[in-house]
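data-v4.cif (mmCIF, C-alpha atoms) appears below.
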data_entry
#
loop_
_atom_site.label_atom_id
_atom_site.label_comp_id
_atom_site.auth_asym_id
_atom_site.auth_seq_id
_atom_site.Cartn_x
_atom_site.Cartn_y
_atom_site.Cartn_z
CA MET N 1 28.05 -45.05 -1.14
CA SER N 2 27.37 -41.63 0.30
CA ALA N 3 29.71 -38.67 0.48
CA ALA N 4 29.83 -36.81 3.78
CA ILE N 5 29.26 -33.09 3.61
CA GLU N 6 31.96 -31.00 5.22
CA PRO N 7 30.94 -29.16 8.40
CA GLY N 8 32.06 -25.88 6.88
CA THR N 9 29.72 -26.39 3.93
CA VAL N 10 26.83 -27.17 6.26
CA LYS N 11 27.54 -24.04 8.29
CA ARG N 12 27.64 -21.88 5.17
CA ALA N 13 24.39 -23.45 3.95
CA LEU N 14 22.69 -22.72 7.27
CA SER N 15 23.93 -19.15 7.15
CA ALA N 16 22.58 -18.78 3.61
CA HIS N 17 19.25 -20.26 4.74
CA ALA N 18 19.13 -17.78 7.62
CA ALA N 19 19.99 -14.90 5.28
CA ILE N 20 17.13 -15.83 2.94
CA GLY N 21 14.74 -15.87 5.89
CA LEU N 22 16.11 -12.49 6.89
CA ILE N 23 15.37 -11.07 3.44
CA ALA N 24 11.77 -12.33 3.56
CA GLY N 25 11.36 -10.84 7.03
CA ALA N 26 12.89 -7.58 5.84
CA LEU N 27 10.39 -7.28 2.99
CA LEU N 28 7.49 -8.03 5.36
CA TYR N 29 8.81 -5.38 7.77
CA LEU N 30 9.15 -2.84 4.95
CA VAL N 31 5.64 -3.50 3.63
CA SER N 32 4.22 -3.17 7.16
CA LEU N 33 6.09 0.08 7.81
CA THR N 34 5.10 1.74 4.53
CA GLY N 35 1.51 0.51 4.80
CA THR N 36 1.24 2.12 8.22
CA ILE N 37 2.43 5.45 6.82
CA CYS N 38 0.19 5.18 3.75
CA VAL N 39 -2.90 5.09 5.95
CA PHE N 40 -2.58 8.89 5.82
CA ALA N 41 -1.91 9.08 2.07
CA GLU N 42 -4.53 11.79 1.50
CA GLU N 43 -3.17 13.90 4.33
CA LEU N 44 0.37 13.42 2.98
CA GLN N 45 -0.77 14.74 -0.40
CA ARG N 46 -2.02 17.91 1.25
CA ILE N 47 1.27 18.32 3.12
CA GLU N 48 3.28 17.68 -0.03
CA GLN N 49 1.37 20.25 -2.10
CA PRO N 50 -0.24 22.64 0.39
CA ASP N 51 -1.15 25.42 -2.07
CA ALA N 52 -3.47 23.40 -4.33
CA PRO N 53 -7.06 24.77 -4.51
CA GLU N 54 -9.41 23.13 -2.01
CA MET N 55 -13.19 23.04 -1.80
CA ALA N 56 -15.89 21.07 -0.04
CA GLN N 57 -17.72 20.36 -3.31
CA ILE N 58 -17.72 21.29 -6.98
CA ALA N 59 -20.70 21.93 -9.25
CA PRO N 60 -21.48 19.59 -12.18
CA ASP N 61 -21.04 22.41 -14.70
CA ALA N 62 -17.64 23.24 -13.21
CA VAL N 63 -16.56 19.61 -13.64
CA GLN N 64 -17.73 19.76 -17.26
CA ARG N 65 -15.68 22.90 -17.87
CA GLY N 66 -12.67 21.26 -16.25
CA VAL N 67 -12.92 18.17 -18.44
CA GLU N 68 -13.23 20.26 -21.59
CA ALA N 69 -10.32 22.49 -20.58
CA MET N 70 -8.10 19.49 -19.80
CA LEU N 71 -8.79 17.77 -23.10
CA ALA N 72 -8.24 21.04 -24.98
CA ALA N 73 -4.92 21.60 -23.17
CA GLU N 74 -3.79 18.13 -24.27
CA ALA N 75 -4.80 18.51 -27.91
CA ASP N 76 -1.15 18.24 -29.03
CA LYS N 77 -0.40 15.23 -26.79
CA PRO N 78 -1.12 11.51 -27.31
CA VAL N 79 -4.82 10.70 -27.09
CA THR N 80 -5.77 9.57 -23.59
CA SER N 81 -7.76 6.37 -23.20
CA HIS N 82 -9.02 7.23 -19.72
CA LEU N 83 -9.71 10.48 -17.91
CA TYR N 84 -10.38 10.56 -14.16
CA VAL N 85 -11.83 13.37 -12.09
CA HIS N 86 -11.23 13.06 -8.37
CA MET N 87 -14.16 14.77 -6.67
CA PRO N 88 -13.61 16.68 -3.40
CA SER N 89 -13.99 14.55 -0.27
CA ALA N 90 -13.61 15.05 3.46
CA ASP N 91 -10.17 13.40 3.45
CA LEU N 92 -8.96 15.16 0.30
CA PRO N 93 -11.02 18.30 -0.47
CA ARG N 94 -9.55 18.80 -3.93
CA ALA N 95 -10.82 18.32 -7.48
CA THR N 96 -8.14 16.84 -9.74
CA ILE N 97 -8.22 15.65 -13.34
CA THR N 98 -5.85 12.86 -14.36
CA THR N 99 -5.21 11.56 -17.89
CA ASP N 100 -2.62 9.26 -19.44
CA ASN N 101 -0.45 12.36 -19.95
CA GLY N 102 -0.57 14.03 -16.51
CA ALA N 103 -2.77 15.56 -13.82
CA ARG N 104 -4.05 19.06 -13.02
CA HIS N 105 -5.95 20.47 -10.07
CA LEU N 106 -9.16 22.44 -10.64
CA HIS N 107 -10.33 25.73 -9.23
CA PRO N 108 -13.91 25.72 -7.83
CA ASP N 109 -15.17 27.26 -11.11
CA GLY N 110 -13.69 24.41 -13.14
CA SER N 111 -10.70 26.29 -14.59
CA LEU N 112 -7.39 24.47 -14.62
CA ALA N 113 -5.00 25.13 -11.75
CA GLU N 114 -1.40 23.99 -11.27
CA PRO N 115 -0.23 20.46 -12.10
CA GLU N 116 -0.63 17.87 -9.38
CA GLU N 117 2.73 17.32 -7.67
CA ILE N 118 2.49 14.41 -5.25
CA ALA N 119 5.34 12.25 -6.54
CA TRP N 120 6.65 11.54 -3.02
CA THR N 121 3.28 10.21 -1.83
CA ASP N 122 2.95 8.18 -5.05
CA PHE N 123 6.43 6.76 -4.47
CA LEU N 124 5.52 5.74 -0.92
CA VAL N 125 2.29 4.06 -2.04
CA ALA N 126 4.16 2.24 -4.84
CA LEU N 127 6.79 1.10 -2.33
CA HIS N 128 4.07 -0.46 -0.19
CA TYR N 129 2.00 -1.74 -3.08
CA LYS N 130 4.74 -3.25 -5.27
CA LEU N 131 8.16 -2.51 -3.70
CA ASN N 132 8.91 -0.16 -6.64
CA LEU N 133 9.16 -3.23 -8.89
CA PRO N 134 7.32 -3.79 -12.21
CA SER N 135 3.61 -3.97 -11.43
CA LEU N 136 2.80 -7.67 -11.80
CA VAL N 137 6.04 -8.88 -10.21
CA GLY N 138 5.94 -6.43 -7.32
CA ILE N 139 2.29 -6.78 -6.42
CA SER N 140 2.55 -10.57 -6.58
CA ILE N 141 5.51 -10.55 -4.17
CA VAL N 142 3.56 -8.31 -1.78
CA GLY N 143 0.57 -10.65 -2.09
CA ALA N 144 2.80 -13.59 -1.19
CA LEU N 145 4.01 -11.63 1.83
CA GLY N 146 0.35 -11.30 2.84
CA VAL N 147 0.06 -15.08 2.78
CA MET N 148 3.26 -15.30 4.82
CA MET N 149 1.90 -12.83 7.36
CA LEU N 150 -1.33 -14.82 7.68
CA ALA N 151 0.62 -18.04 8.20
CA LEU N 152 2.82 -16.42 10.84
CA SER N 153 -0.21 -15.02 12.69
CA LEU N 154 -2.05 -18.33 12.82
CA SER N 155 0.99 -20.50 13.49
CA GLY N 156 2.03 -18.13 16.29
CA VAL N 157 -1.25 -18.78 18.06
CA VAL N 158 -0.95 -22.55 17.61
CA ALA N 159 2.68 -22.55 18.77
CA HIS N 160 1.81 -20.74 22.01
CA PRO N 161 -1.19 -22.51 23.61
CA ARG N 162 -1.15 -20.12 26.58
CA ILE N 163 -0.92 -17.00 24.44
CA PHE N 164 -4.48 -15.83 25.16
CA ARG N 165 -4.35 -16.75 28.85
CA ASP N 166 -1.14 -14.72 29.17
CA ALA N 167 -2.47 -11.81 27.09
CA PHE N 168 -2.04 -9.35 29.96
CA ARG N 169 1.10 -10.86 31.47
CA LEU N 170 4.04 -8.69 30.44
CA ARG N 171 7.53 -9.29 31.78
CA ALA N 172 8.80 -6.23 30.02
CA ARG N 173 12.20 -6.00 31.69
CA ASP N 174 13.14 -9.66 31.95
CA LYS N 175 16.50 -10.57 30.47
CA GLY N 176 17.48 -13.51 28.33
CA GLY N 177 14.97 -12.62 25.62
CA VAL N 178 11.89 -13.21 27.79
CA GLY N 179 10.89 -9.54 27.95
CA LEU N 180 11.22 -9.07 24.18
CA ALA N 181 9.26 -12.26 23.56
CA ASP N 182 6.51 -11.05 25.89
CA TRP N 183 6.24 -7.74 24.06
CA HIS N 184 6.09 -9.64 20.75
CA ASN N 185 3.45 -12.10 21.97
CA ARG N 186 1.27 -9.51 23.68
CA MET N 187 1.21 -7.24 20.63
CA SER N 188 0.48 -10.26 18.44
CA VAL N 189 -2.57 -11.17 20.56
CA TRP N 190 -3.90 -7.63 20.84
CA THR N 191 -3.64 -7.06 17.08
CA LEU N 192 -4.59 -10.58 15.91
CA PRO N 193 -7.99 -9.71 14.31
CA PHE N 194 -6.42 -6.71 12.58
CA SER N 195 -3.40 -8.75 11.44
CA ILE N 196 -5.61 -11.45 9.94
CA ALA N 197 -7.80 -8.90 8.16
CA ILE N 198 -4.80 -7.04 6.74
CA ALA N 199 -3.04 -10.25 5.71
CA LEU N 200 -6.13 -11.73 4.01
CA THR N 201 -7.02 -8.57 2.11
CA GLY N 202 -3.38 -7.88 1.22
CA ALA N 203 -2.97 -11.39 -0.15
CA ALA N 204 -6.26 -11.11 -2.09
CA ILE N 205 -5.28 -7.77 -3.65
CA GLY N 206 -1.68 -8.77 -4.35
CA LEU N 207 -2.46 -12.16 -5.88
CA ALA N 208 -5.58 -11.05 -7.78
CA SER N 209 -3.75 -10.74 -11.08
CA LEU N 210 -2.13 -14.18 -10.82
CA THR N 211 -5.48 -15.66 -9.81
CA ALA N 212 -7.17 -13.97 -12.76
CA PHE N 213 -4.57 -15.35 -15.17
CA SER N 214 -5.07 -18.85 -13.75
CA VAL N 215 -8.87 -18.62 -14.01
CA ALA N 216 -8.61 -17.13 -17.50
CA SER N 217 -6.40 -20.00 -18.66
CA ALA N 218 -8.90 -22.51 -17.33
CA GLY N 219 -12.16 -21.04 -18.59
CA TYR N 220 -11.83 -17.70 -20.41
CA GLY N 221 -9.45 -18.53 -23.22
CA GLY N 222 -6.59 -16.76 -21.47
CA ASP N 223 -8.43 -13.42 -21.31
CA ALA N 224 -7.73 -12.07 -17.81
CA GLU N 225 -9.71 -8.89 -18.51
CA ALA N 226 -12.82 -11.01 -19.02
CA VAL N 227 -12.32 -12.45 -15.52
CA PHE N 228 -12.15 -8.99 -13.96
CA ALA N 229 -15.17 -7.92 -16.02
CA THR N 230 -17.36 -10.43 -14.18
CA ILE N 231 -16.69 -8.39 -11.01
CA PHE N 232 -16.05 -4.81 -12.10
CA GLY N 233 -17.98 -4.67 -15.38
CA ASP N 234 -17.03 -4.60 -19.05
CA GLU N 235 -15.05 -1.89 -20.79
CA PRO N 236 -16.98 -0.20 -23.62
CA THR N 237 -16.51 -1.50 -27.15
CA PRO N 238 -13.80 0.67 -28.76
CA ASP N 239 -14.83 2.92 -31.65
CA LYS N 240 -12.19 5.54 -32.44
CA ALA N 241 -14.37 7.65 -34.74
CA PRO N 242 -14.42 11.29 -33.51
CA ALA N 243 -17.40 12.34 -31.40
CA PRO N 244 -18.50 15.41 -29.41
CA MET N 245 -17.53 15.99 -25.78
CA PRO N 246 -19.43 13.71 -23.37
CA ASP N 247 -22.01 15.30 -21.07
CA VAL N 248 -20.48 14.76 -17.65
CA ALA N 249 -22.61 17.45 -16.00
CA SER N 250 -25.88 15.66 -16.83
CA ALA N 251 -24.57 12.43 -15.33
CA LEU N 252 -23.62 14.23 -12.11
CA ARG N 253 -26.99 15.99 -11.95
CA HIS N 254 -28.74 12.63 -12.40
CA MET N 255 -26.86 11.23 -9.41
CA ALA N 256 -27.67 14.28 -7.30
CA SER N 257 -31.39 14.02 -8.03
CA GLU N 258 -31.92 10.25 -8.22
CA LYS N 259 -29.32 9.02 -5.71
CA PRO N 260 -28.72 11.94 -3.32
CA ASP N 261 -27.33 9.64 -0.62
CA ILE N 262 -24.45 8.51 -2.89
CA ALA N 263 -21.32 10.64 -2.68
CA VAL N 264 -19.57 10.56 -6.06
CA ASP N 265 -15.83 10.03 -5.57
CA TYR N 266 -14.66 9.74 -9.17
CA VAL N 267 -15.80 10.55 -12.68
CA VAL N 268 -14.28 8.21 -15.27
CA LEU N 269 -14.32 8.90 -19.01
CA GLU N 270 -13.37 5.97 -21.18
CA ASP N 271 -12.05 6.79 -24.66
CA PRO N 272 -13.23 10.42 -24.45
CA GLN N 273 -14.29 12.23 -27.64
CA THR N 274 -14.69 8.98 -29.59
CA ALA N 275 -17.84 7.19 -30.74
CA GLY N 276 -17.12 4.42 -28.21
CA GLN N 277 -16.84 6.74 -25.21
CA ALA N 278 -18.71 6.17 -21.97
CA VAL N 279 -19.03 7.86 -18.59
CA ARG N 280 -18.77 5.98 -15.32
CA LEU N 281 -19.25 7.50 -11.88
CA ILE N 282 -17.86 5.79 -8.81
CA GLY N 283 -19.92 6.48 -5.73
CA LYS N 284 -19.93 4.91 -2.29
CA PRO N 285 -23.23 4.06 -0.57
CA GLU N 286 -23.48 5.04 3.07
CA ARG N 287 -22.56 2.49 5.76
CA ARG N 288 -20.99 0.10 3.26
CA LEU N 289 -17.46 -1.28 3.22
CA ILE N 290 -17.19 -1.47 -0.58
CA PHE N 291 -14.87 1.08 -2.20
CA GLY N 292 -17.77 2.18 -4.40
CA GLU N 293 -20.31 1.25 -7.04
CA TYR N 294 -19.87 1.90 -10.77
CA TYR N 295 -22.78 3.85 -12.29
CA GLY N 296 -22.76 3.86 -16.08
CA PHE N 297 -23.88 6.65 -18.42
CA ASP N 298 -23.76 7.15 -22.15
CA ALA N 299 -22.10 10.13 -23.82
CA ARG N 300 -25.28 12.22 -23.44
CA GLY N 301 -25.39 11.66 -19.69
CA ARG N 302 -28.22 9.11 -19.68
CA PHE N 303 -28.07 6.42 -17.00
CA THR N 304 -27.38 2.92 -18.36
CA GLY N 305 -27.12 0.88 -15.15
CA SER N 306 -24.79 -0.13 -12.34
CA VAL N 307 -22.28 -2.98 -12.12
CA GLY N 308 -23.58 -4.59 -8.91
CA LEU N 309 -20.73 -4.11 -6.46
CA SER N 310 -23.22 -2.83 -3.89
CA ASP N 311 -26.09 -5.25 -4.46
CA GLY N 312 -24.82 -7.99 -6.79
CA ALA N 313 -23.39 -11.41 -6.04
CA LEU N 314 -21.78 -11.87 -2.66
CA GLY N 315 -18.45 -12.53 -4.38
CA GLN N 316 -18.65 -9.16 -6.11
CA GLN N 317 -19.43 -7.37 -2.88
CA ALA N 318 -16.61 -9.18 -1.06
CA ALA N 319 -14.10 -8.32 -3.78
CA ALA N 320 -15.16 -4.67 -3.69
CA SER N 321 -14.73 -4.59 0.09
CA THR N 322 -11.10 -5.72 0.24
CA TYR N 323 -9.63 -2.33 -0.69
CA ASP N 324 -11.20 -0.18 2.01
CA LEU N 325 -10.78 -2.89 4.63
CA HIS N 326 -7.09 -3.16 3.82
CA PHE N 327 -6.30 0.55 3.59
CA GLY N 328 -8.66 1.84 6.28
CA ASN N 329 -10.62 4.08 3.90
CA PHE N 330 -13.82 4.02 5.93
CA GLY N 331 -15.04 5.59 9.14
CA GLY N 332 -13.03 8.80 8.89
CA LEU N 333 -10.08 10.02 10.95
CA TRP N 334 -10.57 7.77 13.99
CA VAL N 335 -10.41 4.63 11.88
CA LYS N 336 -7.22 5.92 10.28
CA ILE N 337 -5.71 6.56 13.69
CA ALA N 338 -6.65 3.03 14.79
CA TYR N 339 -5.09 1.59 11.60
CA PHE N 340 -1.94 3.61 12.25
CA VAL N 341 -1.66 2.35 15.84
CA PHE N 342 -2.29 -1.28 14.90
CA GLY N 343 0.00 -0.97 11.88
CA THR N 344 2.78 0.34 14.11
CA ALA N 345 2.28 -2.67 16.37
CA ILE N 346 2.48 -5.07 13.40
CA THR N 347 5.67 -3.37 12.22
CA ALA N 348 7.15 -3.82 15.71
CA ILE N 349 6.05 -7.47 15.70
CA CYS N 350 7.91 -8.03 12.42
CA ALA N 351 11.05 -6.42 13.86
CA THR N 352 11.00 -8.19 17.24
CA GLY N 353 10.19 -11.59 15.73
CA THR N 354 13.53 -11.67 13.94
CA TYR N 355 15.37 -10.42 17.03
CA ILE N 356 13.80 -13.27 19.04
CA TRP N 357 14.83 -15.79 16.40
CA LEU N 358 18.42 -14.49 16.33
CA GLY N 359 18.51 -14.54 20.14
CA LYS N 360 17.45 -18.18 20.24
CA ARG N 361 20.17 -19.08 17.75
CA ARG N 362 22.76 -17.29 19.85
CA ARG N 363 21.69 -19.10 23.04
CA ARG N 364 22.09 -22.39 21.15
CA GLY N 365 25.65 -21.48 20.23
CA GLN N 366 24.82 -20.31 16.69
CA ASP N 367 25.75 -16.68 17.08
CA GLU N 368 25.27 -14.66 13.88
CA PRO N 369 26.69 -11.17 14.61
CA VAL N 370 26.68 -10.18 10.95
CA LEU N 371 23.05 -11.21 10.48
CA ARG N 372 22.06 -9.36 13.64
CA ALA N 373 23.89 -6.27 12.46
CA GLY N 374 22.17 -6.59 9.10
CA TRP N 375 18.80 -6.77 10.82
CA ASP N 376 19.67 -3.69 12.89
CA GLY N 377 20.37 -1.90 9.61
CA ILE N 378 17.10 -3.10 8.11
CA VAL N 379 15.03 -1.98 11.10
CA TRP N 380 16.64 1.46 11.39
CA GLY N 381 17.45 1.95 7.72
CA ALA N 382 13.87 1.86 6.41
CA PRO N 383 12.50 4.80 8.42
CA LEU N 384 15.75 6.73 7.88
CA ALA N 385 15.52 6.20 4.11
CA VAL N 386 11.86 7.25 4.05
CA ALA N 387 12.74 10.40 6.01
CA ALA N 388 15.58 11.08 3.57
CA THR N 389 13.24 10.89 0.58
CA PHE N 390 10.87 13.37 2.23
CA ALA N 391 13.79 15.72 2.91
CA ALA N 392 14.78 15.35 -0.75
CA ARG N 393 11.23 16.28 -1.76
CA LEU N 394 11.47 19.49 0.26
CA LEU N 395 14.91 20.32 -1.12
CA TRP N 396 14.70 19.28 -4.77
CA GLY N 397 11.03 19.14 -5.63
CA ASN N 398 8.60 16.79 -7.31
CA GLU N 399 10.99 15.43 -9.95
CA THR N 400 13.39 13.90 -7.41
CA PRO N 401 14.21 10.20 -8.07
CA PHE N 402 12.72 9.02 -4.78
CA ALA N 403 13.00 5.28 -5.41
CA ALA N 404 16.70 5.49 -6.23
CA ILE N 405 17.40 7.65 -3.17
CA PHE N 406 15.46 5.30 -0.89
CA TRP N 407 17.12 2.07 -1.98
CA ILE N 408 20.62 3.57 -2.10
CA ILE N 409 20.35 5.02 1.41
CA TYR N 410 18.71 1.85 2.71
CA LEU N 411 21.56 -0.25 1.31
CA ILE N 412 24.19 2.13 2.71
CA VAL N 413 22.67 1.96 6.21
CA VAL N 414 22.50 -1.85 6.17
CA VAL N 415 26.07 -2.18 4.87
CA ALA N 416 27.29 0.38 7.42
CA PHE N 417 25.74 -1.57 10.31
CA ILE N 418 27.28 -4.82 9.06
CA ALA N 419 30.68 -3.25 8.46
CA LEU N 420 30.73 -1.65 11.89
CA LYS N 421 29.72 -4.90 13.58
CA TYR N 422 32.19 -6.93 11.54
CA LYS N 423 35.01 -4.54 12.41
CA CYS N 424 34.16 -4.62 16.12
CA PHE N 425 33.90 -8.42 16.02
CA TYR N 426 37.26 -8.65 14.22
CA VAL N 427 38.98 -6.34 16.73
CA PHE N 428 37.47 -8.25 19.66
CA SER N 429 38.62 -11.59 18.21
CA ARG N 430 42.15 -10.30 17.69
CA SER N 431 42.38 -8.93 21.19
CA LYS N 432 41.08 -12.17 22.66
CA LEU N 433 43.63 -14.19 20.74
CA ALA N 434 46.41 -11.82 21.81
CA SER N 435 45.49 -12.25 25.45
#
Let me see the file written as structure tokens.
Amino acid sequence: MSAAIEPGTVKRALSAHAAIGLIAGALLYLVSLTGTICVFAEELQRIEQPDAPEMAQIAPDAVQRGVEAMLAAEADKPVTSHLYVHMPSADLPRATITTDNGARHLHPDGSLAEPEEIAWTDFLVALHYKLNLPSLVGISIVGALGVMMLALSLSGVVAHPRIFRDAFRLRARDKGGVGLADWHNRMSVWTLPFSIAIALTGAAIGLASLTAFSVASAGYGGDAEAVFATIFGDEPTPDKAPAPMPDVASALRHMASEKPDIAVDYVVLEDPQTAGQAVRLIGKPERRLIFGEYYGFDARGRFTGSVGLSDGALGQQAAASTYDLHFGNFGGLWVKIAYFVFGTAITAICATGTYIWLGKRRRRGQDEPVLRAGWDGIVWGAPLAVAATFAARLLWGNETPFAAIFWIIYLIVVVAFIALKYKCFYVFSRSKLAS
């Protein structure tokens, strides 16, 4: 004996199903939009804090003085486990020291300058990277969206067998949804290699932690750090006994003399001023896609070896290449411009895909005016909310709660679009019944 489901229940279930799909599409659209903007993250930092000291390079002794000054300035704060020195680069010609307690820019002579104030750029990167959620949850969701994007790209090609033959056929002004579908399909074809690369690398980065936990459970006794160590190297053995300041300058001079073709991007001090401290320099070989190689030094600045990201196992090299390939951190300004253009196209593809889907439902008699209004709010609300956070940065400074402002404004815009559409639909229905 089977109980029939009421038509109203089925309709509500279908609407709920459509709404869930809309939420997934909205997150994919938001990640695409913010990723496109974050291509220029370094340039945004310079816009956000234009008065920070800039330099083409900084001397090893100046870096040493900066490290010593930073650790001395934090003598009354909790002990930092890691200290990072961002070395000047073409994209971001600034030297900045970051610890667990904060960040300060450096003058060319190594003296401490003002605190780093790039909270808006950091917010935008976090929005793309993890949707402002707790790290593991957020980055895993974004990784799953990468898988979804890959599936959509490949299934779109399979579902349209003439998609490549019609790559340059654009009925831009056709009505009935044909013109919008043509724009969607043409952009999908023209950006397909880029879309696949971004989706694959995004999924790999986003799901790396979950993958590491799974591998660790199977063969590393649940130690996820041991899994990452096979790729990025081991952390030094902790020894909290006090020790003198590490010799960063000697490590930098060694790189300049022994590996002059390697541009050092970061200096990393692990457990500084303890007996277990170590120095690691991250430098990128020329004409390589990897984000960099780790070069190890002891506390006296003596070279101890490299990890192998540049010349180790193919898996190591592939893992080290996902970051720059995903974020466009190679090839200079023209590559960034290309990533921005292609990223804009992918964002438009995400937006138009949902419009096409809603249009097909309407032509089949399943009109969803509220869902369409909600999607209008999603498409227009995201850039408006981002612009609002930047305006808040200019008005209220670095301590502004950007995430709260973004999500509140985003929600208000979406609700406003739905409310306006619902009101218009209600008025139209009443007038039609009255007539």
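The residues returned by the PyMOL selection byres ((chain N and resi 312) around 12) on the shown structure are N:Thr230, N:Ile231, N:Phe232, N:Gly233, N:Ile290, N:Glu293, N:Tyr294, N:Ser306, N:Val307, N:Gly308, N:Leu309, N:Ser310, N:Asp311, N:Ala313, N:Leu314, N:Gly315, N:Gln316, N:Gln317, N:Ala318, N:Ala319, N:Ala320.
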Taking (-8.5, 20.7, -22.0) as a centre in this file's frame and 12 Å as the limit, can you find every polymer residue with an atom that close, using only C-alpha atoms, and give them as a ChimeraX atom specification?
/N:63-77,79-80,83,97-99,101-104,106,110-113,245,272-273
Write to file, as a JSON list (two decimals), keeping the file's coordinate frame, the residues of the selection just made, with C-alpha atoms.
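Output saved as selection.json:
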[["chain", "number", "residue", "atom", "x", "y", "z"],
["N", 63, "VAL", "CA", -16.56, 19.61, -13.64],
["N", 64, "GLN", "CA", -17.73, 19.76, -17.26],
["N", 65, "ARG", "CA", -15.68, 22.90, -17.87],
["N", 66, "GLY", "CA", -12.67, 21.26, -16.25],
["N", 67, "VAL", "CA", -12.92, 18.17, -18.44],
["N", 68, "GLU", "CA", -13.23, 20.26, -21.59],
["N", 69, "ALA", "CA", -10.32, 22.49, -20.58],
["N", 70, "MET", "CA", -8.10, 19.49, -19.80],
["N", 71, "LEU", "CA", -8.79, 17.77, -23.10],
["N", 72, "ALA", "CA", -8.24, 21.04, -24.98],
["N", 73, "ALA", "CA", -4.92, 21.60, -23.17],
["N", 74, "GLU", "CA", -3.79, 18.13, -24.27],
["N", 75, "ALA", "CA", -4.80, 18.51, -27.91],
["N", 76, "ASP", "CA", -1.15, 18.24, -29.03],
["N", 77, "LYS", "CA", -0.40, 15.23, -26.79],
["N", 79, "VAL", "CA", -4.82, 10.70, -27.09],
["N", 80, "THR", "CA", -5.77, 9.57, -23.59],
["N", 83, "LEU", "CA", -9.71, 10.48, -17.91],
["N", 97, "ILE", "CA", -8.22, 15.65, -13.34],
["N", 98, "THR", "CA", -5.85, 12.86, -14.36],
["N", 99, "THR", "CA", -5.21, 11.56, -17.89],
["N", 101, "ASN", "CA", -0.45, 12.36, -19.95],
["N", 102, "GLY", "CA", -0.57, 14.03, -16.51],
["N", 103, "ALA", "CA", -2.77, 15.56, -13.82],
["N", 104, "ARG", "CA", -4.05, 19.06, -13.02],
["N", 106, "LEU", "CA", -9.16, 22.44, -10.64],
["N", 110, "GLY", "CA", -13.69, 24.41, -13.14],
["N", 111, "SER", "CA", -10.70, 26.29, -14.59],
["N", 112, "LEU", "CA", -7.39, 24.47, -14.62],
["N", 113, "ALA", "CA", -5.00, 25.13, -11.75],
["N", 245, "MET", "CA", -17.53, 15.99, -25.78],
["N", 272, "PRO", "CA", -13.23, 10.42, -24.45],
["N", 273, "GLN", "CA", -14.29, 12.23, -27.64]]
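Between CA of Pro246 in chain N and CA of Ala59 in chain N the interatomic distance comes to 16.4 Å.
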For the structure shown, which residues end up in the PyMOL selection byres ((chain N and resi 303) around 10)? Put them as a short mmCIF file (atom, residue, chain, number, x, y, z; two decimals) with C-alpha atoms, keeping the file's coordinate frame, please?
data_model
loop_
_atom_site.label_atom_id
_atom_site.label_comp_id
_atom_site.auth_asym_id
_atom_site.auth_seq_id
_atom_site.Cartn_x
_atom_site.Cartn_y
_atom_site.Cartn_z
CA SER N 250 -25.88 15.66 -16.83
CA ALA N 251 -24.57 12.43 -15.33
CA HIS N 254 -28.74 12.63 -12.40
CA MET N 255 -26.86 11.23 -9.41
CA VAL N 279 -19.03 7.86 -18.59
CA ARG N 280 -18.77 5.98 -15.32
CA TYR N 295 -22.78 3.85 -12.29
CA GLY N 296 -22.76 3.86 -16.08
CA PHE N 297 -23.88 6.65 -18.42
CA ASP N 298 -23.76 7.15 -22.15
CA ALA N 299 -22.10 10.13 -23.82
CA ARG N 300 -25.28 12.22 -23.44
CA GLY N 301 -25.39 11.66 -19.69
CA ARG N 302 -28.22 9.11 -19.68
CA THR N 304 -27.38 2.92 -18.36
CA GLY N 305 -27.12 0.88 -15.15
CA SER N 306 -24.79 -0.13 -12.34
#
Check what the PyMOL selection byres ((chain N and resi 88-94) around 9) selects in the file above and give those residues as a PDB file with C-alpha atoms, in the frame of the given file.
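File out-v3.pdb, as written:
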ATOM      1  CA  GLU N  42      -4.530  11.790   1.500  1.00  0.00           C
ATOM      2  CA  GLU N  43      -3.170  13.900   4.330  1.00  0.00           C
ATOM      3  CA  GLN N  45      -0.770  14.740  -0.400  1.00  0.00           C
ATOM      4  CA  ARG N  46      -2.020  17.910   1.250  1.00  0.00           C
ATOM      5  CA  ALA N  52      -3.470  23.400  -4.330  1.00  0.00           C
ATOM      6  CA  PRO N  53      -7.060  24.770  -4.510  1.00  0.00           C
ATOM      7  CA  GLU N  54      -9.410  23.130  -2.010  1.00  0.00           C
ATOM      8  CA  MET N  55     -13.190  23.040  -1.800  1.00  0.00           C
ATOM      9  CA  ALA N  56     -15.890  21.070  -0.040  1.00  0.00           C
ATOM     10  CA  GLN N  57     -17.720  20.360  -3.310  1.00  0.00           C
ATOM     11  CA  ILE N  58     -17.720  21.290  -6.980  1.00  0.00           C
ATOM     12  CA  HIS N  86     -11.230  13.060  -8.370  1.00  0.00           C
ATOM     13  CA  MET N  87     -14.160  14.770  -6.670  1.00  0.00           C
ATOM     14  CA  ALA N  95     -10.820  18.320  -7.480  1.00  0.00           C
ATOM     15  CA  THR N  96      -8.140  16.840  -9.740  1.00  0.00           C
ATOM     16  CA  HIS N 105      -5.950  20.470 -10.070  1.00  0.00           C
ATOM     17  CA  LEU N 106      -9.160  22.440 -10.640  1.00  0.00           C
ATOM     18  CA  HIS N 107     -10.330  25.730  -9.230  1.00  0.00           C
ATOM     19  CA  ALA N 263     -21.320  10.640  -2.680  1.00  0.00           C
ATOM     20  CA  VAL N 264     -19.570  10.560  -6.060  1.00  0.00           C
ATOM     21  CA  ASP N 265     -15.830  10.030  -5.570  1.00  0.00           C
ATOM     22  CA  GLY N 332     -13.030   8.800   8.890  1.00  0.00           C
ATOM     23  CA  LEU N 333     -10.080  10.020  10.950  1.00  0.00           C
TER      24      LEU N 333
END
